[in-house]
Structure formats: C-alpha cells, structure tokens
Amino acid sequence: MAMRLQLDARAWSRSRFVTSAAMEVLGVLRHRGRHPAAHAREWHARARRALPPGQLALLEALVPADHSYTPDFLTPVPRHGESMPDVAARIAATPGEEVDYQLDIAIRGRHVWPHVLALHGSEATYERWRRPRPTELAGVARAGGAAVAAAAATAMATLFESVLAPDWPRIRAVLDADIGHRADRMAAHGAAAVLDDLGERMRWTGTELVLERTYSGIIDWADDGVLFVPTTTHVGPVLFAAERPHTPVLFYRARGIGALGERPAGAAESALTGLVGVTRAALLTTLDMPASTLELSRRTGWSSATVSYHLGILLRAGLVDRHRRGRLVRYARTALGTALATSSAREQTSGVAQRPGG
C-alpha cells in the first residue's frame, strides 16, 4: 500500500527546498527523550525544564510518540525567511473547523469522515489505526478547534524561544548545507538522484513519488510543485503533509546533523554568554557580516521586536554599531564586539567535547 504523489517533470521544475522551524519542534516532541541524536535529546530535556507542564502535556498529546499521524495545522506550509513568531501566528489563526477535522482523523470517538475511512480499506482497520483520546487534550478540545490552535501556537512558540532559539543559527547552517548539497547533486546527476537520496520507503517513478504506507491514496494537486523540507530532528521514512489545495510538503532527515552533537564543554556557561546572556551572545556571533533587524530575525528565528530589543542593549554596551543608508539600517560588530565573539569561538573550539549525533 502507498500514497502516490503525482509529480511529473513540469511539477518537479516548480518544486523547491525550504526550512521549517515548526518541524524541528515537532521532531523533538515526537521522540521525547529517546531520540537517536544527542542534540534532540538535549532539546527535549531543556523543554521539560523550561515549559509549563500543561503546555508540554498539550503538545505531547497532539504529537504522539507512538502514532504516525500529527495534525498538519502544527506545521503550516513553510514560507521562505519566516520566523517562528510568524509561524506561531499562522498556527493560531487556523480555522477551528480545520483543526477539528484534523483531530477527527486520528482520534477514536471523534467524527468519522468517509473519505478518510476509504483510505484504510475497512472500518476495523481504520479504528485500529486511530489512537485513544488523550486526556491532556480533552479540556481544551471541548472549547473547539480554534482554542486548540491558539493554545498549541503559544506552547510551540514558547518551546522554540526557550529551547531551540539559542541554537538556531547552527541548525540553519546544517539545513542550508543540506540544501546546497542537494542542489549540487542535482546539477551533477539530475533530479532523480536527488529524490532517490531523500529517504527510505520512497521512490520516484518519473511521474509520481511513491511513499510506502499502511493506507493508500493519490495526491493529484501538486501542480505548483512540492516543498522539500530538511529537518535535523526527523527519524525514519519521509513524512508528508498534503491537504487540498495547499502545496504538498515532504519532510526528510537532513545530512550532517552530527555537527549538532558537537557541543563545547560548558557551552551554556561560556564567558560571552555569561557576560551578555544567551540571546545577545547568539546575535553577536551571528553578526559576522553587517545585517538589518529583519535579516537577523530570519537567521535566528526570533521576532524582529526581540532582535531589536537585544541589539539596542548591545549598541549601548558598545559591542555593535548601526549604519543607515536611506531607510535601511544595518548593524555590525565593533572591534570590541568582534574580539569578544572571536574569543568565544576560540574558547569553544579548544573545549569541544565530541558526542554522538544522528
């Protein structure tokens, strides 16, 4: 049995690669503290310490560790350059009926949609595939899908800001390197080489992508192509999200995630972090080239307001300068800021502790 995503040469020519902060969050949640990669286990441990218990329980009810289906509203179709606060706003704005429909799909006791049932062949097979109603979800679900979306958006934004944001520049470097590698591979060997290399239980026939599953169906609305999304927290076969009329999205494991398991000894207590704080240290080390607030927001995943606030503190401390050209304001490290950032990099390089990655 398989899902068949129709993707001919014309649709492939419109396909593209993009990153998704929301999918990184979901990978941490899905595998809990049992993720095979050290960096994801560390992030989950941080989440347990940083998130209010009710928020973490809600997210883990929506993203089960023992079931293949996660509601698609948690990972809206990615947009280039979008920060996590922007993504959270889109999650919160998901129509309530759309959220209710997605919860119906995989939770027993909720409404059965005939076209979803038809994918599984029989009612008994479908019911075995569905999962019990999570008690942690019951209270907010009684208030309707819109309430679930709002609560989930808040919890995901909190998890990203408190757990992943300090590492986001490093995560983006791994994801961008994966995309660059696949672009080079396509240039050298063609599209088939890229698609065949994405992950297990998927193949391209030249006219469609075939994803082996325990149910069958056809995705025939990829006229605008497919979004291919590398993630550092994904494990297993390629995942897909496909709800008409949205562009289908395929999530796969990025190459090179072992680099995220290489953590400086005592990194959280580095001299630079201890001096200026985690967020300002990350901004200072990210500013290896002059950048605007918007550019830094896209690089780090923080909102423009967060970036602007911390840049203001770095500016007053004499660690960055700002230069205006017309309406565009760019920030750059001062000599003192560069000395601190490069000193921190040397400190981390000299104290690297190798840990197994994925």
# chains A, B, ... in the order shown; residues from 1 in each chain; ligands from 1
>>> closest_atom_pairs(of="range 62-138 of chain A", to="range 145-151 of chain A", cutoff="10 Å", atoms="only C-alpha atoms", output="tab-separated table")
residue	atom	partner	partner_atom	distance
A:Leu62	CA	A:Val148	CA	9.6
A:Phe73	CA	A:Ala149	CA	7.7
A:Leu74	CA	A:Ala149	CA	8.0
A:Ala88	CA	A:Ala150	CA	8.7
A:Ala89	CA	A:Ala150	CA	8.6
A:Arg90	CA	A:Ala149	CA	9.3
A:Ile91	CA	A:Ala149	CA	6.1
A:Ala92	CA	A:Ala150	CA	4.3
A:Ala93	CA	A:Ala149	CA	7.3
A:Thr94	CA	A:Ala149	CA	6.5
A:Pro95	CA	A:Ala146	CA	6.2
A:Gly96	CA	A:Gly145	CA	4.0
A:Glu97	CA	A:Gly145	CA	6.2
A:Glu98	CA	A:Gly145	CA	7.4
A:Val99	CA	A:Gly145	CA	4.9
A:Asp100	CA	A:Gly145	CA	5.0
A:Tyr101	CA	A:Gly145	CA	8.6
A:Gln102	CA	A:Gly145	CA	9.3
A:Leu103	CA	A:Gly145	CA	8.5
A:Leu137	CA	A:Val148	CA	8.3
A:Ala138	CA	A:Val148	CA	9.9
>>> residues_around(residues="range 54-57 of chain A", least_positions_apart="5", cutoff="8 Å", atoms="only C-alpha atoms", output="PyMOL selection string")
chain A and resi 47-48+136+151-152+155
>>> residues_around(residues="Arg213 in chain A", least_positions_apart="4", cutoff="9 Å", atoms="only C-alpha atoms", output="PyMOL selection string")
chain A and resi 1-3+201
>>> write_last_selection(atoms="N, CA and C atoms", output="PDB file, in the first residue's frame")
ATOM      1  N   MET A   1       0.853  -1.187   0.000  1.00  0.00           N
ATOM      2  CA  MET A   1       0.000   0.000   0.000  1.00  0.00           C
ATOM      3  C   MET A   1       0.892   1.241   0.000  1.00  0.00           C
ATOM      4  N   ALA A   2       0.381   2.320  -0.615  1.00  0.00           N
ATOM      5  CA  ALA A   2       1.233   3.502  -0.749  1.00  0.00           C
ATOM      6  C   ALA A   2       0.391   4.734  -1.030  1.00  0.00           C
ATOM      7  N   MET A   3       0.939   5.877  -0.655  1.00  0.00           N
ATOM      8  CA  MET A   3       0.427   7.162  -1.113  1.00  0.00           C
ATOM      9  C   MET A   3       1.210   7.538  -2.362  1.00  0.00           C
ATOM     10  N   ARG A 201      11.708   4.120   1.981  1.00  0.00           N
ATOM     11  CA  ARG A 201      10.291   3.882   1.697  1.00  0.00           C
ATOM     12  C   ARG A 201       9.693   4.982   0.808  1.00  0.00           C
TER      13      ARG A 201
END
>>> residues_around(residues="Thr158 in chain A", least_positions_apart="2", cutoff="12 Å", atoms="only C-alpha atoms", output="number ranges by chain")
A: 22, 25, 46-48, 50-52, 55-56, 59, 84-85, 88, 151-156, 160-165, 302
>>> select_by_dssp(residues="range 132-352 of chain A", states="helix (DSSP H, G or I)", output="PyMOL selection string")
chain A and resi 135-142+145-189+191-196+257-261+267-269+271-276+278-286+293-300+304-316+335-350
>>> residues_around(residues="Asp66 in chain A", least_positions_apart="5", cutoff="10 Å", atoms="only C-alpha atoms", output="PyMOL selection string")
chain A and resi 30-31+131
>>> write_last_selection(atoms="C-alpha atoms", output="compact mmCIF listing (two decimals), in the first residue's frame")
# COMPACT_ATOMS: atom_id res chain seq x y z
CA ARG A 30 7.67 13.10 18.76
CA HIS A 31 10.71 11.22 20.02
CA ARG A 131 -5.46 6.30 18.78
>>> closest_residue(among="A:Val140, A:Met202, A:Val87, A:Leu314", to="Arg4 in chain A", atoms="only C-alpha atoms")
A:Met202
>>> closest_residue(among="A:Ser20, A:Thr135, A:Ser83, A:Gln6", to="Glu60 in chain A", atoms="only C-alpha atoms")
A:Thr135
>>> select_by_dssp(residues="range 68-298 of chain A", states="strand (DSSP E or B)", output="PyMOL selection string")
chain A and resi 107+131+202-204+208-212+217-219+227-231+239-241+249-253+263-264+291-292
>>> closest_residue(among="A:His234, A:Arg108, A:Arg128, A:Arg10", to="Leu29 in chain A", atoms="only C-alpha atoms")
A:His234
>>> closest_residue(among="A:Val249, A:Ala183, A:Leu5, A:Val116", to="Pro76 in chain A", atoms="only C-alpha atoms")
A:Val249
>>> closest_residue(among="A:Leu284, A:Ala193, A:Leu198, A:Leu211", to="His310 in chain A", atoms="only C-alpha atoms")
A:Leu284
>>> atom_distance(atom1="CA of Leu227 in chain A", atom2="CA of Thr247 in chain A")
7.1 Å
>>> atom_distance(atom1="CA of Phe228 in chain A", atom2="CA of Ile179 in chain A")
9.4 Å
>>> atom_distance(atom1="CA of Ala341 in chain A", atom2="CA of Ala173 in chain A")
17.6 Å
>>> closest_residue(among="A:Ala38, A:Ile107, A:Arg142, A:Arg253", to="Trp129 in chain A", atoms="only C-alpha atoms")
A:Ile107
